[in-house]
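Asker: Here you go, one structure.
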Amino acid sequence: MLVLGNDVTAAVLTMPDVIAALESSYEDLATGEGVCRPRIDLRFPAGDGRVYQWGTMEGGSARTGYAAIRMKSDLLVEAGPDGARTQEKYCVAPGRYCGLVLLLDIRSGEPVALLNDGLLQHLRVGADSALGARHAARPDSHVLGLLGSGGTARSHLEALLTVLPLERVQVYSPTRAHREAFAAEARERYGVEAVAVADGAAAHRGADLVAGCTDAVGEVVLGEHLSPGTHLTCVGGLLDRRAVERLDVWLRLGDANTPDSTPGWATSDEYVVYRARPDDPVWAGHRHGRTRRPPRGPRRVALSRVLDGTERARTDDRQITFSERGNIQGAQFHAVAALVYEKARERGLGHEIPRDLLLQDIRD
């Protein structure tokens with residue numbers, strides 16, 4: 001069994017690899033080859049206004065022969081006034097995180113790899129938004145309005161450059177030094193015109209795409225500043241009411257399977273939450289995780305129907321479009337983790353540990 005750190009993922013995985021792996025995984029879901037469940041979060045009051053969250057998501061594919069579960073252990077802290085409220089997360093101490101992916105071979109039941117999830121997370125989220133943009137943005141999109149300047153924003157820029165001819169990036173984040181550093185890095189790495197702007201509105205103006213990639217828990221995509229024909233994606237923060245009202249098309253990349261044994265458990269929610277001490281006052285101070293439900297106005301399109309040619313997402317250059325993942329995170333992690341594992345094994349990378357450490361001779 002291989003233990004694979006973020007350094008191995010960085011060495012073997014490219015953004016085109018990730019985009020292709022996700023699209024194949026979504027096709028498996030559509031054809032019945034793949035299966036996944038929604039993310040499930042268990043939340044507990046942890047004292048001092050903090051919340052402990054244990055989150056898992058899982059999926060697999062009969063075609064590839066792999067299944068995986070991603071596991072996260074986080075302490076959550078939310079702070080700041082309305083309009084500028086953010087969420088911080090950590091494990092043990094700020095700056096440290098615990099996220100793991102256990103990959104299994106479904107042909108033998110063998111656990112084959114344990115991976116850090118940090119870089120996988122950034123890459124798969126960026127690739128996910130790129131898939132939405134590939135099918136719903138205008139093909140001639142040149143200007144990206146980027147809200148956020150952290151790791152997710154970096155992977156979004158890389159992914160969107162893979163599928164669209166972007167030439168200019170307008171990046172905003174509240175800390176001036178962060179947005180200016182991001183712009184300088186983008187200019188050097190990709191040769192694009194990248195500018196740090198003074199507020200979120202400036203990031204929107206003239207943008208063909210607007211991507212929310214922040215740790216904000218409030219509204220960051222501002223409808224009054226959107227131009228006709230803009231494509232939106234938002235993995236951090238929310239669309240404000242005006243942005244939602246202006247949407248013409250809502251592209252959903254996929255839906256988790258309905259349980260065979262309990263059809264009533266079907267849900268379109270991105271995740272399912274269980275809370276300890278539901279009356280604890282800490283919950284009033286935590287807005288993260290509130291469910292976003294599709295509005296009734298936009299035409300809703302499933303990626304599976306786009307991939308099989310049944311339907312198109314964008315049908316007019318003036319439409320404002322939006323893409324969202326849905327509740328199929330489990331379908332992402334098994335696909336990308338399997339790719340990292342196979343490439344690492346071919347190149348002799350990672351730390352090998354005896355698989356017997358995870359096996360036993362007592363039947364459960």
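Ordered as shown in the structure tokens, chains take letters A, B, and onward, while each chain numbers its residues from 1 and ligands are numbered from 1 in the order shown.
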Find the residues near A:Tyr52: any atom within 9 Å, counting only C-alpha atoms, skip ones fewer than 2 places away on the same chain, and give them as a ChimeraX atom specification.
Answerer: /A:42-46,50,54,73-76
Asker: Those residues with C-alpha atoms, as an mmCIF file, in the first residue's frame please?
Answerer:
```cif
data_model
loop_
_atom_site.group_PDB
_atom_site.id
_atom_site.type_symbol
_atom_site.label_atom_id
_atom_site.label_comp_id
_atom_site.auth_asym_id
_atom_site.auth_seq_id
_atom_site.Cartn_x
_atom_site.Cartn_y
_atom_site.Cartn_z
ATOM 1 C CA LEU A 42 -21.146 15.508 11.433
ATOM 2 C CA ARG A 43 -20.895 18.761 13.406
ATOM 3 C CA PHE A 44 -20.270 19.291 17.097
ATOM 4 C CA PRO A 45 -19.923 22.401 19.270
ATOM 5 C CA ALA A 46 -16.204 22.598 20.157
ATOM 6 C CA ARG A 50 -15.839 26.892 17.198
ATOM 7 C CA TRP A 54 -16.093 15.381 10.435
ATOM 8 C CA SER A 73 -11.283 16.562 10.275
ATOM 9 C CA ASP A 74 -11.745 20.322 10.739
ATOM 10 C CA LEU A 75 -12.265 22.912 13.417
ATOM 11 C CA LEU A 76 -14.325 25.756 11.928
#
```
Asker: How close does stretch 102-206 of chain A get to stretch 6-18 of chain A? List, as CSV, each residue of stretch 102-206 of chain A within 12 Å, its nearest atom pair and the distance in Å to one decimal, counting only C-alpha atoms.
Answerer:
```
residue,atom,partner,partner_atom,distance
A:Leu114,CA,A:Asn6,CA,11.2
A:Leu115,CA,A:Asn6,CA,7.7
A:Asn116,CA,A:Asn6,CA,5.9
A:Asp117,CA,A:Asn6,CA,7.4
A:Gly118,CA,A:Asn6,CA,6.7
A:Leu119,CA,A:Asn6,CA,5.8
A:Leu120,CA,A:Thr9,CA,7.2
A:Gln121,CA,A:Asn6,CA,10.3
A:His122,CA,A:Met15,CA,10.4
A:Leu123,CA,A:Met15,CA,6.9
A:Arg124,CA,A:Val18,CA,6.5
A:Val125,CA,A:Val18,CA,9.7
A:Gly126,CA,A:Met15,CA,8.5
A:Ala127,CA,A:Val18,CA,6.3
A:Asp128,CA,A:Val18,CA,8.8
A:Ser129,CA,A:Val18,CA,11.6
A:Ala130,CA,A:Met15,CA,9.9
A:Leu131,CA,A:Val18,CA,10.3
A:Arg154,CA,A:Met15,CA,11.7
A:Ser155,CA,A:Met15,CA,8.5
A:His156,CA,A:Met15,CA,10.0
A:Leu157,CA,A:Met15,CA,10.6
A:Glu158,CA,A:Met15,CA,7.3
A:Ala159,CA,A:Met15,CA,6.2
A:Leu160,CA,A:Met15,CA,9.7
A:Leu161,CA,A:Met15,CA,9.9
A:Thr162,CA,A:Pro16,CA,7.0
A:Val163,CA,A:Pro16,CA,9.0
```
Asker: Given the selection you just returned, output its residues as a file containing N, CA, C and O atoms, formatted as a short mmCIF file (atom, residue, chain, number, x, y, z; two decimals), in the first residue's frame.
Answerer:
```cif
data_model
loop_
_atom_site.label_atom_id
_atom_site.label_comp_id
_atom_site.auth_asym_id
_atom_site.auth_seq_id
_atom_site.Cartn_x
_atom_site.Cartn_y
_atom_site.Cartn_z
N LEU A 114 -3.23 5.65 0.45
CA LEU A 114 -3.74 6.67 1.36
C LEU A 114 -3.09 7.98 0.94
O LEU A 114 -1.86 8.09 0.95
N LEU A 115 -3.91 8.94 0.55
CA LEU A 115 -3.40 10.18 -0.03
C LEU A 115 -3.78 11.39 0.81
O LEU A 115 -4.90 11.46 1.34
N ASN A 116 -2.87 12.36 0.91
CA ASN A 116 -3.26 13.69 1.39
C ASN A 116 -4.23 14.29 0.38
O ASN A 116 -4.09 14.10 -0.83
N ASP A 117 -5.20 15.04 0.88
CA ASP A 117 -6.23 15.55 -0.04
C ASP A 117 -6.04 17.01 -0.44
O ASP A 117 -6.79 17.52 -1.27
N GLY A 118 -5.06 17.71 0.12
CA GLY A 118 -4.98 19.15 -0.07
C GLY A 118 -4.86 19.59 -1.51
O GLY A 118 -5.68 20.37 -2.03
N LEU A 119 -3.83 19.12 -2.20
CA LEU A 119 -3.64 19.50 -3.59
C LEU A 119 -4.71 18.88 -4.47
O LEU A 119 -5.20 19.51 -5.43
N LEU A 120 -5.10 17.64 -4.18
CA LEU A 120 -6.21 17.02 -4.92
C LEU A 120 -7.45 17.90 -4.85
O LEU A 120 -8.17 18.07 -5.86
N GLN A 121 -7.73 18.44 -3.67
CA GLN A 121 -8.91 19.28 -3.49
C GLN A 121 -8.84 20.51 -4.39
O GLN A 121 -9.79 20.84 -5.11
N HIS A 122 -7.73 21.20 -4.38
CA HIS A 122 -7.61 22.40 -5.20
C HIS A 122 -7.74 22.08 -6.68
O HIS A 122 -8.44 22.77 -7.43
N LEU A 123 -7.07 21.02 -7.11
CA LEU A 123 -7.09 20.67 -8.52
C LEU A 123 -8.48 20.24 -8.98
O LEU A 123 -8.95 20.64 -10.06
N ARG A 124 -9.15 19.41 -8.18
CA ARG A 124 -10.44 18.90 -8.64
C ARG A 124 -11.49 20.01 -8.65
O ARG A 124 -12.37 20.03 -9.50
N VAL A 125 -11.42 20.97 -7.72
CA VAL A 125 -12.39 22.06 -7.71
C VAL A 125 -12.17 22.97 -8.92
O VAL A 125 -13.12 23.39 -9.59
N GLY A 126 -10.91 23.28 -9.23
CA GLY A 126 -10.64 24.07 -10.41
C GLY A 126 -11.07 23.37 -11.69
O GLY A 126 -11.68 23.98 -12.58
N ALA A 127 -10.77 22.08 -11.78
CA ALA A 127 -11.15 21.31 -12.96
C ALA A 127 -12.67 21.24 -13.11
O ALA A 127 -13.20 21.28 -14.24
N ASP A 128 -13.36 21.14 -12.01
CA ASP A 128 -14.81 21.09 -12.02
C ASP A 128 -15.39 22.36 -12.64
O ASP A 128 -16.26 22.32 -13.51
N SER A 129 -14.88 23.51 -12.19
CA SER A 129 -15.36 24.77 -12.75
C SER A 129 -14.98 24.91 -14.22
O SER A 129 -15.71 25.49 -15.01
N ALA A 130 -13.81 24.37 -14.59
CA ALA A 130 -13.40 24.42 -15.99
C ALA A 130 -14.33 23.61 -16.87
O ALA A 130 -14.65 24.01 -18.01
N LEU A 131 -14.80 22.45 -16.38
CA LEU A 131 -15.76 21.66 -17.15
C LEU A 131 -17.05 22.44 -17.37
O LEU A 131 -17.61 22.45 -18.47
N ARG A 154 -5.90 29.93 -7.44
CA ARG A 154 -4.79 29.54 -8.31
C ARG A 154 -5.17 28.35 -9.20
O ARG A 154 -4.89 28.34 -10.40
N SER A 155 -5.80 27.35 -8.61
CA SER A 155 -6.18 26.19 -9.42
C SER A 155 -7.27 26.54 -10.41
O SER A 155 -7.33 25.99 -11.51
N HIS A 156 -8.14 27.49 -10.06
CA HIS A 156 -9.17 27.92 -11.01
C HIS A 156 -8.54 28.60 -12.22
O HIS A 156 -8.95 28.36 -13.35
N LEU A 157 -7.59 29.48 -11.98
CA LEU A 157 -6.95 30.15 -13.09
C LEU A 157 -6.28 29.14 -14.01
O LEU A 157 -6.44 29.19 -15.24
N GLU A 158 -5.54 28.20 -13.43
CA GLU A 158 -4.88 27.19 -14.25
C GLU A 158 -5.89 26.38 -15.04
O GLU A 158 -5.70 26.11 -16.25
N ALA A 159 -6.98 25.98 -14.39
CA ALA A 159 -7.97 25.14 -15.06
C ALA A 159 -8.71 25.90 -16.16
O ALA A 159 -8.92 25.38 -17.26
N LEU A 160 -9.10 27.14 -15.88
CA LEU A 160 -9.85 27.90 -16.86
C LEU A 160 -8.98 28.26 -18.07
O LEU A 160 -9.47 28.31 -19.21
N LEU A 161 -7.69 28.48 -17.84
CA LEU A 161 -6.78 28.71 -18.96
C LEU A 161 -6.64 27.46 -19.83
O LEU A 161 -6.30 27.56 -21.02
N THR A 162 -6.90 26.31 -19.26
CA THR A 162 -6.82 25.06 -20.03
C THR A 162 -7.94 24.93 -21.04
O THR A 162 -7.77 24.30 -22.09
N VAL A 163 -9.11 25.53 -20.75
CA VAL A 163 -10.27 25.32 -21.61
C VAL A 163 -10.71 26.57 -22.37
O VAL A 163 -11.54 26.46 -23.29
#
```
Asker: Determine the nearest neighbour of A:Phe182 from the options A:Thr262, A:Ser61, A:Thr321, A:Thr152, counting only C-alpha atoms.
Answerer: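 Among the listed residues, A:Thr152 lies closest to A:Phe182.
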Asker: Where in stretch 109-299 of chain A does DSSP assign strand (DSSP E), given as an NGL selection string?
Answerer: :A and (111-116 or 143-147 or 168-172 or 193-196 or 209-213 or 219-221 or 231-236 or 238-239 or 249-252 or 271-275 or 299)
Asker: Quick one: of A:Glu193, A:Asp215, A:Asp199, A:Asp316, who's nearest to A:Val77, counting only C-alpha atoms?
Answerer: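 The answer is A:Asp215, which sits nearest to A:Val77.
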Asker: Using only C-alpha atoms, find the one residue out of A:Leu103, A:Leu303, A:Leu147, A:Val217 that sits nearest to A:His204.
Answerer: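 Answer, going by the shortest atom-to-atom distance: A:Leu147.
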Asker: Between atom CA of A:Arg70 and atom CA of A:Val272, what is the distance in Å, rounded to a tenth?
Answerer: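 Distance between the two atoms: 15.0 Å.
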Asker: Where in stretch 86-274 of chain A does DSSP assign alpha helix (DSSP H), given as a PyMOL selection string?
Answerer: chain A and resi 118-136+151-163+176-190+200-204+241-246
Asker: Please determine, counting only C-alpha atoms, which residue among A:Gly55, A:Gly212, A:Gly309, A:Gly49 has the shortest atom-to-atom distance to A:His286.
Answerer: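 Under the stated criterion, the closest residue is A:Gly49.
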Asker: Hey, which of A:Ala153, A:Arg39, A:Ala186, A:Gln87 ends up closest to A:Arg168? Count only C-alpha atoms.
Answerer: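 Under the stated criterion, the closest residue is A:Ala186.
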Asker: Considering only C-alpha atoms, return as a ChimeraX atom specification whatever protein or nucleic-acid residues lie within 9 Å of A:Cys213, sequence-local ones (same chain, fewer than 5 positions apart) excluded.
Answerer: /A:146-153,156,233-237
Asker: Can you spit out the residues from that selection as a CSV table (one decimal), in the first residue's frame, using C-alpha atoms?
Answerer:
```csv
chain,number,residue,atom,x,y,z
A,146,LEU,CA,-11.6,36.3,-9.9
A,147,LEU,CA,-12.8,36.8,-6.3
A,148,GLY,CA,-10.1,35.3,-4.1
A,149,SER,CA,-6.4,34.9,-4.2
A,150,GLY,CA,-5.6,31.6,-2.4
A,151,GLY,CA,-5.0,28.1,-3.5
A,152,THR,CA,-8.5,27.5,-5.0
A,153,ALA,CA,-8.1,30.7,-7.0
A,156,HIS,CA,-9.2,27.9,-11.0
A,233,THR,CA,-19.0,29.8,-11.0
A,234,CYS,CA,-18.9,30.1,-7.3
A,235,VAL,CA,-17.1,27.5,-5.0
A,236,GLY,CA,-16.5,30.1,-2.2
A,237,GLY,CA,-19.1,32.7,-1.3
```
Asker: If you count only C-alpha atoms, which residues fall within 12 Å of A:Asp260, apart from same-chain ones fewer than 6 positions away, as a PyMOL selection string?
Answerer: chain A and resi 35+37+266
Asker: Applying 9 Å and only C-alpha atoms, which residues near A:Asp240 remain after dropping the ones on its own chain fewer than 5 positions away? List them as a list of chain:residue names.
Answerer: A:Gly218, A:Glu219, A:Val220, A:Val221, A:Leu222, A:Gly223, A:Glu245
Asker: Which residues are close to A:Val143, i.e. within 9 Å by only C-alpha atoms, leaving aside same-chain residues fewer than 2 positions away? Reply as an MDAnalysis selection string.
Answerer: chainID A and resid 141 145 165:170 206:210
Asker: Using only C-alpha atoms, which residues sit within 6 Å of A:Tyr66 once same-chain residues fewer than 2 positions away are excluded, as JSON, numbers by chain?
Answerer: {"A": [60, 61, 64, 104, 105, 106]}
Asker: With all heavy atoms kept, could you save the residues just selected as a tab-separated table (two decimals), in the first residue's frame?
Answerer:
```
chain	number	residue	atom	x	y	z
A	60	GLY	N	-17.24	5.32	-6.47
A	60	GLY	CA	-16.42	4.33	-7.16
A	60	GLY	C	-16.96	4.07	-8.55
A	60	GLY	O	-18.03	4.55	-8.93
A	61	SER	N	-16.20	3.28	-9.31
A	61	SER	CA	-16.59	2.98	-10.68
A	61	SER	C	-16.28	1.52	-11.00
A	61	SER	O	-15.15	1.06	-10.79
A	61	SER	CB	-15.82	3.89	-11.65
A	61	SER	OG	-15.95	3.43	-12.98
A	64	THR	N	-13.47	1.52	-13.86
A	64	THR	CA	-12.06	1.71	-13.50
A	64	THR	C	-11.58	0.69	-12.47
A	64	THR	O	-10.39	0.41	-12.38
A	64	THR	CB	-11.83	3.11	-12.93
A	64	THR	OG1	-12.54	3.25	-11.68
A	64	THR	CG2	-12.32	4.17	-13.90
A	104	LEU	N	-9.31	2.15	-2.76
A	104	LEU	CA	-9.41	0.69	-2.70
A	104	LEU	C	-9.63	0.10	-4.08
A	104	LEU	O	-10.27	0.71	-4.94
A	104	LEU	CB	-10.57	0.29	-1.78
A	104	LEU	CG	-10.46	0.88	-0.36
A	104	LEU	CD1	-11.56	1.91	-0.16
A	104	LEU	CD2	-10.50	-0.18	0.70
A	105	ASP	N	-9.09	-1.09	-4.27
A	105	ASP	CA	-9.27	-1.85	-5.51
A	105	ASP	C	-10.51	-2.70	-5.35
A	105	ASP	O	-10.54	-3.62	-4.50
A	105	ASP	CB	-8.04	-2.71	-5.77
A	105	ASP	CG	-8.08	-3.42	-7.11
A	105	ASP	OD1	-9.19	-3.77	-7.57
A	105	ASP	OD2	-7.01	-3.64	-7.69
A	106	ILE	N	-11.56	-2.44	-6.12
A	106	ILE	CA	-12.82	-3.16	-5.90
A	106	ILE	C	-12.76	-4.58	-6.43
A	106	ILE	O	-13.63	-5.40	-6.12
A	106	ILE	CB	-14.01	-2.41	-6.54
A	106	ILE	CG1	-13.89	-2.38	-8.06
A	106	ILE	CG2	-14.14	-1.01	-5.99
A	106	ILE	CD1	-15.12	-1.79	-8.75
```
